[in-house]
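Trainee: Before I ask anything, here is the structure I am working with.
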Amino acid sequence: MTQFTPGFLIGAATAAHQVEGNNIHNDCWAQEQMEHSSYVEPSLDACDHYHKYAEDIRLMAGAGLNAYRFSIEWARIEPEEGCFDAAELEHYRDVIRCCQAHGLEPIVTLHHFSSPVWLIAKGGWEAETTPADFARYVRYVMENLGGELQYVCTINEANMGVQVAAIAERYKKQMMKMAAQAQAGGQSPDGSVQMGMNLQAIMELQKLSGQEGARAFGLEDPQAVHVFQSACTAAGDEILCRAHVAARQAIREVCPQVKVGLSLSLHDFQPLPGAETVAEAEWDKEFRHYLPYIQEDDYLGVQNYTRSLLGPDGLLPVPDGSEVTQAGYEYYPEGLEHVVRKVAADYSGDIYITENGIATADDTRRVAFIEQALAGVQRCVADGLPVKGYFHWSLMDNFEWQKGYAMQFGLIAVDRAHGQTRTPKPSLAYLGSYAARN
Ligand code: GCO
């Protein structure tokens with residue numbers, strides 16, 4: 001293990017809704033309460049990071065980390081449109097100052113998937129009003145907290161909506177193929193799988209869930225619910241990019257010293273012979289497409305977890321016999337270096353790895369993953385690529401969105417049933433050992 005040079009950020013990352021607890025004014029919380037929720041369980045108190053942040057920051061600092069990436073919850077700051085909660089603002093000021101008091105550089109994400117309910121009721125991430133609404137929230141935060149910050153990430157995984165749309169399209173094609181095969185064989189679509197399946201009931205439940213989801217936001221039409229983690233249209237993707245640009249402009253007006261960027265979820269696409277054009281098209285969709293909107297940023301947040309094998313017809317399954325994580329990803333830490341090199345070929349700004357990690361109950365695999373991922377990062381730095389920091393996902397085992405608490409991404413274990421007790425795993429100190437000692 002070789003330490004990075006002084007100034008290279010070595011940190012951990014979290015997201016407000018996944019760790020704080022009781023974000024009762026946001027869209028995820030509303031969807032978690034539904035009778036037909038797609039969330040396996042509600043977030044509830046999460047990891048009570050809202051109250052235990054000082055303990056968590058102390059654990060990071062004690063392990064040698066020198067940075068912390070966390071998000072500010074828009075729905076806490078602006079629970080009702082145009083009404084700002086100064087007490088919540090002061091909570092986040094306390095978190096920022098606690099980081100600084102313990103030698104951790106804070107990187108603040110201003111939107112990490114969850115949005116205020118009122119925004120979704122207005123049309124959410126497909127509404128023409130959202131860029132201005134987002135910029136107003138960002139300006140309020142930066143006017144009050146910007147003087148204490150050096151780094152801000154406007155939007156986490158800005159390409160998530162495009163990726164969800166691609167998954168939805170793949171799923172739709174598979175369902176249509178199954179139904180066509182069944183009907184060609186003279187069967188009902190239900191008979192196309194070797195189990196008792198009632199497609200009609202599935203469709204009815206999806207209809208029920210959609211109607212309930214619309215009601216959660218005071219809407220009639222399920223198609224009008226546009227949360228951030230839903231398939232976006234090309235118009236919605238453009239609205240999101242305009243929201244980033246409007247936020248960047250507000251930040252630059254209020255705090256010109258702050259480094260601004262967004263983060264993208266990026267896959268290490270690996271084409272089999274004959275699938276090279278498919279891989280390039282996928283990379284264009286999830287990365288190059290955003291270049292016009294980020295070329296004036298100070299940095300890009302790169303988030304990578306694994307590789308994606310592609311054949312001529314698109315995504316291929318994880319190869320038989322591969323080590324697979326709790327998230328169903330192939331264990332593939334080498335993907336990070338590949339993605340960083342591909343990004344640097346087209347983007348000239350600084351690169352911060354704002355998420356990289358592994359969902360596993362075996363912390364020795366997390367240590368090995370970190371070692372292999374950071375070896376790749378150090379090769380990139382040695383080759384002169386402008387990589388300036390690495391944030392591991394995640395600081396603690398937390399609420400993995402619709403999958404609930406089943407996955408363990410954390411450097412710290414959390415016993416939510418017994419006082420939210422924190423138990424640092426060996427991987428936390430191992431990660432900290434890479435940070436230069438000033
Ligand atoms: C994301 C989010 C995180 C996830 C993490 C593990 O990248 O999807 O930023 O909130 O929890 O990636 O899936």
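Ligands are numbered from 1 in the order shown, chains are lettered A, B, ... in the order of the structure tokens, and residues start at 1 in each chain.
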DSSP says strand (DSSP E or B) for which residues of region 194-365 of chain A? Put them as an NGL selection string?
Mentor: :A and (259-261 or 263-265 or 268-271 or 299-303 or 307-311 or 314-315 or 324 or 330 or 350-355)
Trainee: Write the residues you've just listed into a file as a compact mmCIF listing (two decimals), in the first residue's frame, and include N, CA, C and O atoms for each of them.
Mentor:
```txt
# COMPACT_ATOMS: atom_id res chain seq x y z
N LYS A 259 -15.48 24.97 -5.65
CA LYS A 259 -15.34 24.11 -6.83
C LYS A 259 -16.67 23.37 -7.05
O LYS A 259 -17.18 22.72 -6.13
N VAL A 260 -17.19 23.48 -8.27
CA VAL A 260 -18.53 22.95 -8.58
C VAL A 260 -18.45 21.82 -9.60
O VAL A 260 -17.68 21.91 -10.57
N GLY A 261 -19.23 20.80 -9.36
CA GLY A 261 -19.34 19.71 -10.32
C GLY A 261 -20.61 18.92 -10.05
O GLY A 261 -21.37 19.25 -9.14
N SER A 263 -22.03 14.51 -10.28
CA SER A 263 -21.47 13.17 -10.40
C SER A 263 -22.28 12.35 -11.39
O SER A 263 -23.48 12.61 -11.62
N LEU A 264 -21.61 11.39 -12.01
CA LEU A 264 -22.25 10.50 -12.98
C LEU A 264 -21.98 9.05 -12.58
O LEU A 264 -20.89 8.71 -12.11
N SER A 265 -23.01 8.23 -12.76
CA SER A 265 -22.85 6.78 -12.57
C SER A 265 -22.28 6.23 -13.87
O SER A 265 -22.92 6.35 -14.93
N ASP A 268 -17.99 0.44 -16.57
CA ASP A 268 -16.84 0.02 -17.38
C ASP A 268 -17.38 -0.92 -18.46
O ASP A 268 -17.44 -2.13 -18.29
N PHE A 269 -17.81 -0.31 -19.58
CA PHE A 269 -18.40 -1.12 -20.66
C PHE A 269 -17.29 -1.90 -21.35
O PHE A 269 -16.30 -1.32 -21.81
N GLN A 270 -17.45 -3.23 -21.45
CA GLN A 270 -16.46 -4.08 -22.11
C GLN A 270 -17.14 -4.88 -23.21
O GLN A 270 -17.91 -5.81 -22.92
N PRO A 271 -16.90 -4.49 -24.47
CA PRO A 271 -17.59 -5.17 -25.58
C PRO A 271 -16.92 -6.49 -25.94
O PRO A 271 -15.70 -6.59 -25.96
N TYR A 299 -14.87 20.20 -11.76
CA TYR A 299 -14.48 18.78 -11.64
C TYR A 299 -15.66 17.91 -12.04
O TYR A 299 -16.80 18.39 -12.16
N LEU A 300 -15.40 16.63 -12.21
CA LEU A 300 -16.46 15.64 -12.43
C LEU A 300 -16.35 14.58 -11.35
O LEU A 300 -15.25 14.10 -11.04
N GLY A 301 -17.50 14.27 -10.74
CA GLY A 301 -17.57 13.17 -9.77
C GLY A 301 -17.83 11.87 -10.53
O GLY A 301 -18.87 11.74 -11.19
N VAL A 302 -16.89 10.94 -10.46
CA VAL A 302 -17.01 9.65 -11.15
C VAL A 302 -17.45 8.59 -10.15
O VAL A 302 -16.89 8.49 -9.06
N GLN A 303 -18.49 7.81 -10.51
CA GLN A 303 -19.02 6.78 -9.61
C GLN A 303 -19.08 5.46 -10.36
O GLN A 303 -19.79 5.34 -11.36
N ARG A 307 -18.06 -3.75 -13.87
CA ARG A 307 -17.99 -3.63 -15.32
C ARG A 307 -19.31 -4.13 -15.91
O ARG A 307 -20.10 -4.80 -15.22
N SER A 308 -19.52 -3.80 -17.20
CA SER A 308 -20.70 -4.28 -17.90
C SER A 308 -20.25 -4.92 -19.21
O SER A 308 -19.71 -4.23 -20.08
N LEU A 309 -20.46 -6.22 -19.34
CA LEU A 309 -20.08 -6.90 -20.58
C LEU A 309 -21.19 -6.71 -21.61
O LEU A 309 -22.38 -6.81 -21.29
N LEU A 310 -20.79 -6.39 -22.84
CA LEU A 310 -21.77 -6.11 -23.89
C LEU A 310 -21.56 -7.04 -25.08
O LEU A 310 -20.43 -7.26 -25.53
N GLY A 311 -22.68 -7.58 -25.57
CA GLY A 311 -22.65 -8.33 -26.82
C GLY A 311 -23.34 -7.50 -27.90
O GLY A 311 -23.82 -6.39 -27.61
N GLY A 314 -26.50 -6.08 -26.78
CA GLY A 314 -26.57 -5.29 -25.55
C GLY A 314 -25.99 -6.02 -24.35
O GLY A 314 -25.15 -6.92 -24.48
N LEU A 315 -26.52 -5.63 -23.17
CA LEU A 315 -25.95 -6.08 -21.90
C LEU A 315 -25.96 -7.60 -21.78
O LEU A 315 -26.96 -8.25 -22.11
N VAL A 324 -19.84 -12.53 -7.08
CA VAL A 324 -20.92 -11.55 -7.20
C VAL A 324 -21.19 -10.95 -5.82
O VAL A 324 -21.18 -11.65 -4.81
N GLU A 330 -20.84 -7.95 -10.51
CA GLU A 330 -19.61 -8.74 -10.55
C GLU A 330 -18.56 -8.03 -9.70
O GLU A 330 -18.42 -6.80 -9.77
N ASP A 350 -10.70 18.38 -13.39
CA ASP A 350 -10.29 17.47 -12.32
C ASP A 350 -11.32 16.35 -12.16
O ASP A 350 -12.51 16.53 -12.49
N ILE A 351 -10.86 15.21 -11.66
CA ILE A 351 -11.73 14.05 -11.44
C ILE A 351 -11.66 13.67 -9.97
O ILE A 351 -10.57 13.52 -9.41
N TYR A 352 -12.84 13.59 -9.35
CA TYR A 352 -12.91 13.05 -7.99
C TYR A 352 -13.74 11.78 -8.08
O TYR A 352 -14.81 11.79 -8.72
N ILE A 353 -13.24 10.71 -7.51
CA ILE A 353 -14.05 9.49 -7.47
C ILE A 353 -14.99 9.65 -6.28
O ILE A 353 -14.56 9.56 -5.11
N THR A 354 -16.23 9.98 -6.57
CA THR A 354 -17.16 10.34 -5.49
C THR A 354 -17.93 9.15 -4.95
O THR A 354 -18.60 9.25 -3.92
N GLU A 355 -17.85 8.02 -5.67
CA GLU A 355 -18.39 6.75 -5.15
C GLU A 355 -17.70 5.56 -5.79
O GLU A 355 -17.52 5.53 -7.01
```
Trainee: So that I can check the surroundings of Trp118 (chain A), please list as an NGL selection string every protein, DNA and RNA residue that reaches within 8 Å of it, counting only C-alpha atoms and ignoring chain neighbours fewer than 5 positions away.
Mentor: :A and (79-81 or 217)
Trainee: Can I get the selection written as a PDB file, in the first residue's frame, with all heavy atoms?
Mentor:
```pdb
ATOM      1  N   PRO A  79     -39.174  22.538   3.042  1.00  0.00           N
ATOM      2  CA  PRO A  79     -40.249  21.539   3.152  1.00  0.00           C
ATOM      3  C   PRO A  79     -41.523  21.937   2.409  1.00  0.00           C
ATOM      4  O   PRO A  79     -42.253  21.092   1.936  1.00  0.00           O
ATOM      5  CB  PRO A  79     -40.495  21.426   4.653  1.00  0.00           C
ATOM      6  CG  PRO A  79     -39.937  22.667   5.253  1.00  0.00           C
ATOM      7  CD  PRO A  79     -38.816  23.094   4.360  1.00  0.00           C
ATOM      8  N   GLU A  80     -41.750  23.235   2.315  1.00  0.00           N
ATOM      9  CA  GLU A  80     -42.854  23.765   1.504  1.00  0.00           C
ATOM     10  C   GLU A  80     -42.230  24.741   0.503  1.00  0.00           C
ATOM     11  O   GLU A  80     -41.259  25.447   0.850  1.00  0.00           O
ATOM     12  CB  GLU A  80     -43.869  24.512   2.378  1.00  0.00           C
ATOM     13  CG  GLU A  80     -44.573  23.628   3.415  1.00  0.00           C
ATOM     14  CD  GLU A  80     -45.342  22.463   2.772  1.00  0.00           C
ATOM     15  OE1 GLU A  80     -45.858  22.659   1.630  1.00  0.00           O
ATOM     16  OE2 GLU A  80     -45.355  21.364   3.372  1.00  0.00           O
ATOM     17  N   GLU A  81     -42.806  24.813  -0.675  1.00  0.00           N
ATOM     18  CA  GLU A  81     -42.214  25.663  -1.713  1.00  0.00           C
ATOM     19  C   GLU A  81     -42.042  27.089  -1.210  1.00  0.00           C
ATOM     20  O   GLU A  81     -43.002  27.706  -0.708  1.00  0.00           O
ATOM     21  CB  GLU A  81     -43.078  25.658  -2.974  1.00  0.00           C
ATOM     22  CG  GLU A  81     -42.465  26.476  -4.109  1.00  0.00           C
ATOM     23  CD  GLU A  81     -43.237  26.372  -5.400  1.00  0.00           C
ATOM     24  OE1 GLU A  81     -44.305  25.713  -5.419  1.00  0.00           O
ATOM     25  OE2 GLU A  81     -42.736  26.923  -6.409  1.00  0.00           O
ATOM     26  N   PHE A 217     -48.727  12.154  -4.177  1.00  0.00           N
ATOM     27  CA  PHE A 217     -48.241  13.498  -4.519  1.00  0.00           C
ATOM     28  C   PHE A 217     -49.386  14.408  -4.961  1.00  0.00           C
ATOM     29  O   PHE A 217     -49.186  15.421  -5.620  1.00  0.00           O
ATOM     30  CB  PHE A 217     -47.178  13.385  -5.632  1.00  0.00           C
ATOM     31  CG  PHE A 217     -45.991  12.569  -5.220  1.00  0.00           C
ATOM     32  CD1 PHE A 217     -45.803  11.292  -5.739  1.00  0.00           C
ATOM     33  CD2 PHE A 217     -45.101  13.037  -4.273  1.00  0.00           C
ATOM     34  CE1 PHE A 217     -44.723  10.511  -5.333  1.00  0.00           C
ATOM     35  CE2 PHE A 217     -44.017  12.269  -3.867  1.00  0.00           C
ATOM     36  CZ  PHE A 217     -43.833  10.997  -4.393  1.00  0.00           C
TER      37      PHE A 217
END
```
Trainee: When the cut-off is 7 Å and you count only C-alpha atoms and all ligand atoms, which residues lie near ligand 1, shown as a list in words?
Mentor: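 Listing the residues within 7 Å of ligand 1 gives Ala15, His112, Asn156, Glu157, Ser265, Gln303, Glu355, Trp393, Glu400 and Trp401 of chain A.
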Trainee: Which residues, written as a ChimeraX atom specification, have at least one atom at most 12 Å from Val381 (chain A), with only C-alpha atoms counted and residues fewer than 5 positions away on the same chain left out?
Mentor: /A:4-5,8,337,340-341,344,350-352,374-376,386-390
Trainee: Check the smallest atom-to-atom distance from each of A:Cys28, A:Ala281, A:Val108, A:Ile10 to His226 (chain A) using only C-alpha atoms, then report the winner.
Mentor: A:Cys28
Trainee: Residues within 12 Å of Thr109 (chain A), please, as a ChimeraX atom specification. Count only C-alpha atoms; anything in the same chain fewer than 6 positions from it doesn't count.
Mentor: /A:13-16,68-74,92,138,141-142,149,151-158,244,247,259-263,301,354
Trainee: Have a look at A:Gly432, A:Gly404, A:Gly82, A:Gly384 and name the one nearest to His17 (chain A); count only C-alpha atoms.
Mentor: A:Gly404
Trainee: Within 10 Å of Lys52 (chain A), counting only C-alpha atoms, which residues qualify if same-chain residues fewer than 3 places away don't, as a list in words?
Mentor: Val19, Glu20, Cys47, Asp48, His49, Glu55, Asp56, Ile57, Gln420, Thr421 and Arg422 of chain A
Trainee: Next, the residues of the selection above should be written as a PDB file, in the first residue's frame with N, CA, C and O atoms.
Mentor:
```
ATOM      1  N   VAL A  19     -29.080   7.749   5.415  1.00  0.00           N
ATOM      2  CA  VAL A  19     -28.440   7.612   6.735  1.00  0.00           C
ATOM      3  C   VAL A  19     -29.082   8.475   7.822  1.00  0.00           C
ATOM      4  O   VAL A  19     -29.043   8.083   9.003  1.00  0.00           O
ATOM      5  N   GLU A  20     -29.684   9.629   7.454  1.00  0.00           N
ATOM      6  CA  GLU A  20     -30.110  10.567   8.516  1.00  0.00           C
ATOM      7  C   GLU A  20     -31.255  10.015   9.363  1.00  0.00           C
ATOM      8  O   GLU A  20     -31.245  10.043  10.573  1.00  0.00           O
ATOM      9  N   CYS A  47     -29.952   5.461   9.918  1.00  0.00           N
ATOM     10  CA  CYS A  47     -28.850   5.196  10.859  1.00  0.00           C
ATOM     11  C   CYS A  47     -28.730   6.318  11.891  1.00  0.00           C
ATOM     12  O   CYS A  47     -27.705   6.476  12.553  1.00  0.00           O
ATOM     13  N   ASP A  48     -29.799   7.154  11.957  1.00  0.00           N
ATOM     14  CA  ASP A  48     -29.848   8.277  12.906  1.00  0.00           C
ATOM     15  C   ASP A  48     -28.599   9.151  12.799  1.00  0.00           C
ATOM     16  O   ASP A  48     -28.137   9.744  13.775  1.00  0.00           O
ATOM     17  N   HIS A  49     -28.079   9.260  11.580  1.00  0.00           N
ATOM     18  CA  HIS A  49     -26.895  10.104  11.349  1.00  0.00           C
ATOM     19  C   HIS A  49     -27.223  11.558  11.620  1.00  0.00           C
ATOM     20  O   HIS A  49     -26.339  12.357  11.949  1.00  0.00           O
ATOM     21  N   GLU A  55     -20.320  11.639  16.082  1.00  0.00           N
ATOM     22  CA  GLU A  55     -19.647  10.354  16.372  1.00  0.00           C
ATOM     23  C   GLU A  55     -19.085   9.750  15.093  1.00  0.00           C
ATOM     24  O   GLU A  55     -17.946   9.285  15.043  1.00  0.00           O
ATOM     25  N   ASP A  56     -19.865   9.824  14.019  1.00  0.00           N
ATOM     26  CA  ASP A  56     -19.427   9.255  12.734  1.00  0.00           C
ATOM     27  C   ASP A  56     -18.223  10.003  12.179  1.00  0.00           C
ATOM     28  O   ASP A  56     -17.285   9.403  11.631  1.00  0.00           O
ATOM     29  N   ILE A  57     -18.231  11.325  12.330  1.00  0.00           N
ATOM     30  CA  ILE A  57     -17.101  12.135  11.858  1.00  0.00           C
ATOM     31  C   ILE A  57     -15.853  11.827  12.691  1.00  0.00           C
ATOM     32  O   ILE A  57     -14.743  11.683  12.147  1.00  0.00           O
ATOM     33  N   GLN A 420     -28.464   1.929  17.518  1.00  0.00           N
ATOM     34  CA  GLN A 420     -27.724   2.434  16.349  1.00  0.00           C
ATOM     35  C   GLN A 420     -26.215   2.386  16.619  1.00  0.00           C
ATOM     36  O   GLN A 420     -25.462   3.257  16.186  1.00  0.00           O
ATOM     37  N   THR A 421     -25.796   1.340  17.324  1.00  0.00           N
ATOM     38  CA  THR A 421     -24.376   1.230  17.700  1.00  0.00           C
ATOM     39  C   THR A 421     -23.487   1.102  16.477  1.00  0.00           C
ATOM     40  O   THR A 421     -23.796   0.315  15.561  1.00  0.00           O
ATOM     41  N   ARG A 422     -22.410   1.899  16.460  1.00  0.00           N
ATOM     42  CA  ARG A 422     -21.439   1.852  15.362  1.00  0.00           C
ATOM     43  C   ARG A 422     -20.310   0.904  15.711  1.00  0.00           C
ATOM     44  O   ARG A 422     -19.774   0.957  16.812  1.00  0.00           O
TER      45      ARG A 422
END
```
Trainee: Restricting the calculation to only C-alpha atoms, which member of A:Arg93, A:Lys285, A:Arg242, A:Arg416 is positioned closest to Asn144 (chain A)?
Mentor: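 Under the stated criterion, the closest residue is A:Arg93.
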Trainee: Of the residues A:His289, A:His418, A:His392, A:Lys207, which is the one nearest to Ile358 (chain A), using only C-alpha atoms?
Mentor: A:His392
Trainee: Near Cys232 (chain A), counting only C-alpha atoms, which residues have an atom at most 6 Å away, once you skip same-chain residues fewer than 4 positions from it, shown as a ChimeraX atom specification?
Mentor: /A:161-162,236
Trainee: Excluding Cys99 (chain A) and residues on its chain fewer than 3 positions from it, collect all residues at most 9 Å away from it, counting only C-alpha atoms, and give them as a list in words.
Mentor: Ala54, Ile57, Arg58, Ala61, Ala67, Tyr68, Asp94, Val95, Ile96, His102, Gly103, Leu104, Glu105 and Pro106 of chain A
Trainee: Find the residue from A:Trp125, A:Phe134, A:Phe369, A:Tyr171 that sits nearest to Ala235 (chain A); use only C-alpha atoms when measuring.
Mentor: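 Among the listed residues, A:Trp125 lies closest to Ala235 (chain A).
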Trainee: Let's see if you can do this: from backbone DSSP, list all alpha helix (DSSP H) residues in region 235-386 of chain A, as a PyMOL selection string.
Mentor: chain A and resi 235-254+276-286+291-294+335-346+363-382
